[in-house]
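Here's the structure we're looking at; comments come further down.
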Amino acid sequence: MFKRLIKEKTRYNPLEYENKIYNFWIPYFKYKKRSGKNFTILIAPPNITGSLHMGHALENIILDFLARYKSLLGYDVVWFPGIDHAGIATQNVVEKELKKQGTNRFELGREKFIEKIWQWKEKNENIILDQFKKLGLYLDWSRKRFTMDKKYVEWVEKAFIVYHKKGLVYRDLRPVNFCPKCKTSLSDLELEYKQTEGFLYYIKYPLKSNGFLTIATTRPETILGDVALAINPKDYKNFDLIGKTALLPILNRELPIIVDARVDPDFGTGILKITPAHSLVDYEISQRHHLPMISVINEEGFMNKEAREFEGLSYLQAREEILKRLKELDLIEKIEPLIHQVPICDRCKTEIQVIPSKEWFLKMDYLSNLAYKAISSKEVEIFPPRFKKPYFGWLKNIRDWCISRKIWWGQTMPVWYCKNCSDVYEISRKKPSKICKNCKKKIWIKTDEVFDTWFSSALWPFAILYSHKEKKFYPADIVASAREILQLWIARMIFSGKFFTKKYPFKKVFIHPTVLTKEGKRMSKSLGIGVDPLDLISKYGSDSLRFGILWQMSARQDLKFDESPVYQGQKFLNKIWNAYRFYFLNLNNFKKKNKSDKLSSFDKRILKSLRTTKKFVAKKAESFEFGLSLKKVYKFFWNELCDIYLESWKKSSKNNFKVFERVMFETLVLLHPFVPHITQLIYFSFGRKKPIFFEKWD
RNA sequence: GGACCUGUAGCUCAAAGGUUAGAGCGUUCGCUUCACAUGCGAAAGGUUAGAGGUUCGAAUCCUCUCAGGUCCACCA
C-alpha cells in the first residue's frame with residue numbers, strides 16, 4: 001500500500017503514517033506461538049485517572065524497544081495491556097467532578113457514587129489506552145485487564161483468604177492517619193506535609209517524689225492521652241529521671257519514665273511524652289514497653305470522654321483551654337515559635353489526625369523475608385544495582401501492612417461482621433452460613449472496608465500472566481518501574497508472587513531514570529511544570545519522541561528532558577527516508593552498472609561498521625544504555641552510511657551491488673527498535689507485506 | 001534526618017586511567033551540488049565546580065569543600 005510512496009516524497013511526515021502503521025501492526029501483536037521462546041514483559045498498569053506523562057512514555061518506550069529487539073532475535077513477545085482502578089486517587093478525581101456539579105459523594109450515597117466511577121472509567125479507559133497506541137507499543141490488545149475485573153477481584157479476595165488461613169492476617173486497634181473531612185484512614189503515601197508556623201510548648205510535669213521535669217510538645221491537647229515519658233538511653237543529662245514516676249498535669253495520672261532509643265535527645269528537653277493513640281512513633285514505642293493506649297480525640301477531631309472536662313471541644317479549642325489551665329497551674333515554662341511540617345490530607349488539605357481505628361493488617365516478617373531472599377539470592381535482579389540498598393533497608397524496618405481502607409472505591413474485603421456483636425467476624429467470599437458464636441444469630445453484614453489499592457497491585461503479575469489458564473506466561477522476564485514504587489509495588493509483587501505461586505513474578509527489575517524538567521526539577525502536573533508527551537507526538541510524531549527520549553537516556557542517572565533531541569529525531573527520520581529514496585531511485589541503474597563480485601574498500605568499510613554497530617547495540621541493550629546505542633547508530637547511519645558509503649556510489653565506484661542491497665536492508669532492521677514506524681513503512685517499499693519485527697536481526 | 005545521583009561548550013549530554021576533551025541543538029559565515037536546505041561545507045565556543053592527594057599520566061580513582069537534584073523516613 002505504501003510501496004511507491006518513497007519515490008514520490010522528498011519529505012517524511014511522520015504524522016501522516018504512524019496511526020495507519022500502528023493499526024496494521026495490531027493483529028500481529030497478538031501473542032502467537034512461533035518459536036516457543038517467550039519474552040514476557042510485565043506492564044505497569046496506568047491509573048484510570050491518569051493521562052500519560054513523560055515517566056510512562058520513557059518506561060514503555062524502553063520496554064517496547066526490548067520487545068521489538070527480542071522479536072527480531074526470534075522471541076515471541078508477551079506483553080498485555082492493563083489499567084489500575086487506583087483506589088483513592090480515582091475516588092479523589094471523581095469527587096472533584098462531583099464538586100463541580102455542586103454535589104458530593106455523601107449526598108449521592110455509596111452505590112450511586114461507585115456507579116459514577118464505573119461510568120467515568122468506561123469513558124476514560126480508551127483515552128488512556130489510546131495513548132499507549134500513540135507511543136507505538138507492542139501490546140496484545142486482545143488480552144486487556146483491569147484490576148476491578150470480576151476475575152481480578154476474585155483473585156484479590158482469595159489471596160486475602162489464603163493469607164488469613166495461614167495466620168498472616170489480623171485485625172487490630174491501632175493509630176492510623178485519619179482525615180476528619182474525608183472520613184477515612186489514609187496511608188502514609190496519601191499525606192502531604194505542609195510547612196506551618198506553630199509553637200513549641202514547654203510544659204512542666206510534676207514528679208511523684210518532688211520537683212518537676214519539662215517536656216516539649218506542639219500539641220498540648222494530646223497530653224491527656226499520655227501514658228509514659230521517655231528518654232534516650234544515651235541522654236546523660238536526664239539519667240537521674242530513669243525509674244522515677246511523673247504525674248500528668250490536670251488529670252494526675254501516673255506516668256512511668258522509660259528509656260527508648262527512638263527518642264531524640266536533642267529535641268526540646270530530650271524527654272518525649274508517649275501518646276500512643278495519637279502518634280505512630282509513640283505507638284511503636286508503647287508496643288515495645290507494653291503500655292496502654294488512651295485515645296482522647298475522635299474521628300471528627302473532637303475531644304472524647306477520656307478528655308474529661310474537655311469532652312466535646314474541637315482539638316484546637318481544647319488546645320487553648322488546656323493551655324489556659326496549665327497557665328493557672330503555673331506549669332508552662334516557656335513557648336517558642338517553631339516551623340514544622342504538619343501532615344495534611346493530599347486531597348482536601350485538612351490537617352490529619354492520628355486516631356486509633358480497627359484495621360486489618362498483614363504480618364510482614366515471613367513475607368518480607370521472601371522479598372529479601374529474592375534479591376539476595378539473585379533470583380530477581382534489580383538494575384541498576386544501587387537500588388538494592390533502599391530495598392533492603394525498607395524490608396529491614398518494615399512494619400505490618402495495614403491493608404484496609406475506609407474509602408468507597410476498591411475491592412470490598414470478603415469480611416462479614418455480626419450485626420449484633422461488633423467484633424465478631426467471618427471471612428469468606430459468600431455470606432457465612434454459620435451462626436455468630438456470641439449471639440448465636442445469623443445476621444451477617446458485609447463490611448464496607450476495601451483493600452489498599454497496593455494490595456491489589458501486588459497481585460498484578462499473576463492475575464495478568466498466571467491466571468485464566470495462562471500459567472505459561474508467568475513469571476515475566478522483565479518489569480520496569482519508577483524508583484518511588486520500588487517498595488510499594490515491586491517488593492510487594494515479589495513476596496506475593498512467591499507466596500502464592502512458589503515463583504518470583506519476574507526475573508529482572510529495571511528502575512528507570514526519572515524524567516526531570518530541563519531545569520532539573522521533578523515534572524509535576526499540579527505545579528504546571530513539565531512536558532506532555534502527547535503534545536510532542538502531535539508536533540513531531542511518535543518515532544521522533546522515541547528518538548528524543550532514547551537519545552537523552554542513560555541507565556544510571558536521571559534525565560533532564562530537552563525538546564531539541566526530539567526535533568533532531570524528526571530530522572533523522574527525514575534523513576532515513578531520503579537515504580532509502582536514494583536507494584530505491586537508483587536501484588536499477590546501479591544494478592546494471594556494478595556486476596563485480598569483488599568488494600571495494602567502501603564495501604569493506606561499511607560492512608565492518610555495520611557489524612560493530614550491531615554488536616554495540618546488542619551489548620548495550622543488556623545494560624539499558626539506549627542513549628549510547630542510539631548515538632552509535634546515529635553516527636553509523638549519518639556519517640558512515642550516508643556521508644561515505646552512499647556518496648561513494650555517486651562517484652561510480654567499483655562497489656558491489658549485493659553489498660549495497662544487504663547493507664540497506666540490514667540497516668533498516670537495525671533501526672527498527674529505535675524508530676519503528678518509519679522502518680516499517682520503508683520495509684513495505686522493499687515489497688514485504690509482514691511486520692518488520694518478524695525479520696531476523698542477523 | 002538517612003540513602004543515592006549529578007556538576008564537562010550558551011543548552012542537553014558523550015568521553016568506562018592513555019594522542020589535540022567530542023556530538024546534537026543553538027550562534028556566525030558560505031553554498032538551491034542531480035536522496036535530503038529537516039541538507040552540504042566551514043568557524044567561533046572549554047582552567048572539565050573548587051582545593052588537596054594517588055599515578056609516568058586524572059574529566060575519569062581517593063579525601064574534603066561548595067552547588068544543584070531525587071527518593072525514603074519524619075520530630076514529638
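Naming works like this for the C-alpha cells: A, B, ... for the chains as they're shown, residue 1 at the start of each chain, ligands 1 onward in shown order.
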Contact residues around stretch 46-61 of chain B with only C-alpha atoms (C1' of nucleotides) at 10 Å, ignoring same-chain residues under 6 positions, as a tab-separated table (two decimals) with C-alpha atoms (C1' of nucleotides), in the first residue's frame:
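Result file follows (out.tsv):
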chain	number	residue	atom	x	y	z
B	7	G	C1'	28.35	19.43	38.46
B	8	U	C1'	32.44	18.96	31.23
B	9	A	C1'	30.96	24.34	25.21
B	15	A	C1'	34.48	10.53	26.50
B	16	A	C1'	34.49	3.04	31.21
B	17	G	C1'	43.20	5.86	33.81
B	18	G	C1'	46.33	6.93	27.96
B	21	A	C1'	38.27	16.55	25.87
B	67	A	C1'	26.42	23.94	44.45
>> as a ChimeraX atom specification, could you give me every residue of chain A near chain B (at most 9 Å apart, counting only C-alpha atoms (C1' of nucleotides))?
In response: /A:10-11,216-219,263-264,267-268,272-274,279,281-282,340-341,386-387,389-390,394,483-484,514,518,520-522,551-552,556-558,560-565,567-568,570-583,585,628,631
> If you run DSSP on the backbone, which residues of stretch 497-678 of chain A are helix (DSSP H, G or I), as a VMD selection string?
Replying inline: chain A and resid 497 to 501 533 to 540 542 to 552 564 to 593 601 to 622 626 to 650 657 to 671 676 to 678
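Between atom CA of A:Arg262 and atom CA of A:Asn232 lies a distance of 6.9 Å.
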>> Give me the residues near stretch 86-92 of chain A as a VMD selection string, where near means some atom within 6 Å (using only C-alpha atoms (C1' of nucleotides)) and where sequence neighbours in that chain fewer than 6 positions away do not count.
In response: chain A and resid 47 49 409 to 410 453
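For A:Lys121, the list of residues within 8 Å, based on only C-alpha atoms (C1' of nucleotides) and with local chain neighbours fewer than 4 positions off taken out, reads Ile48, Ile117 and Glu125 of chain A.
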Generate a file of the selected residues that holds N, CA and C atoms, formatted as a short mmCIF file (atom, residue, chain, number, x, y, z; two decimals), in the first residue's frame.
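The file below, selection_28.cif, is the result:
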data_model
loop_
_atom_site.label_atom_id
_atom_site.label_comp_id
_atom_site.auth_asym_id
_atom_site.auth_seq_id
_atom_site.Cartn_x
_atom_site.Cartn_y
_atom_site.Cartn_z
N ILE A 48 -6.67 4.70 35.94
CA ILE A 48 -7.74 5.19 35.07
C ILE A 48 -7.91 6.69 35.21
N ILE A 117 -18.24 6.20 39.25
CA ILE A 117 -16.84 5.91 38.94
C ILE A 117 -16.73 4.92 37.77
N GLU A 125 -11.13 5.04 29.92
CA GLU A 125 -10.25 3.91 29.69
C GLU A 125 -9.59 3.96 28.31
#
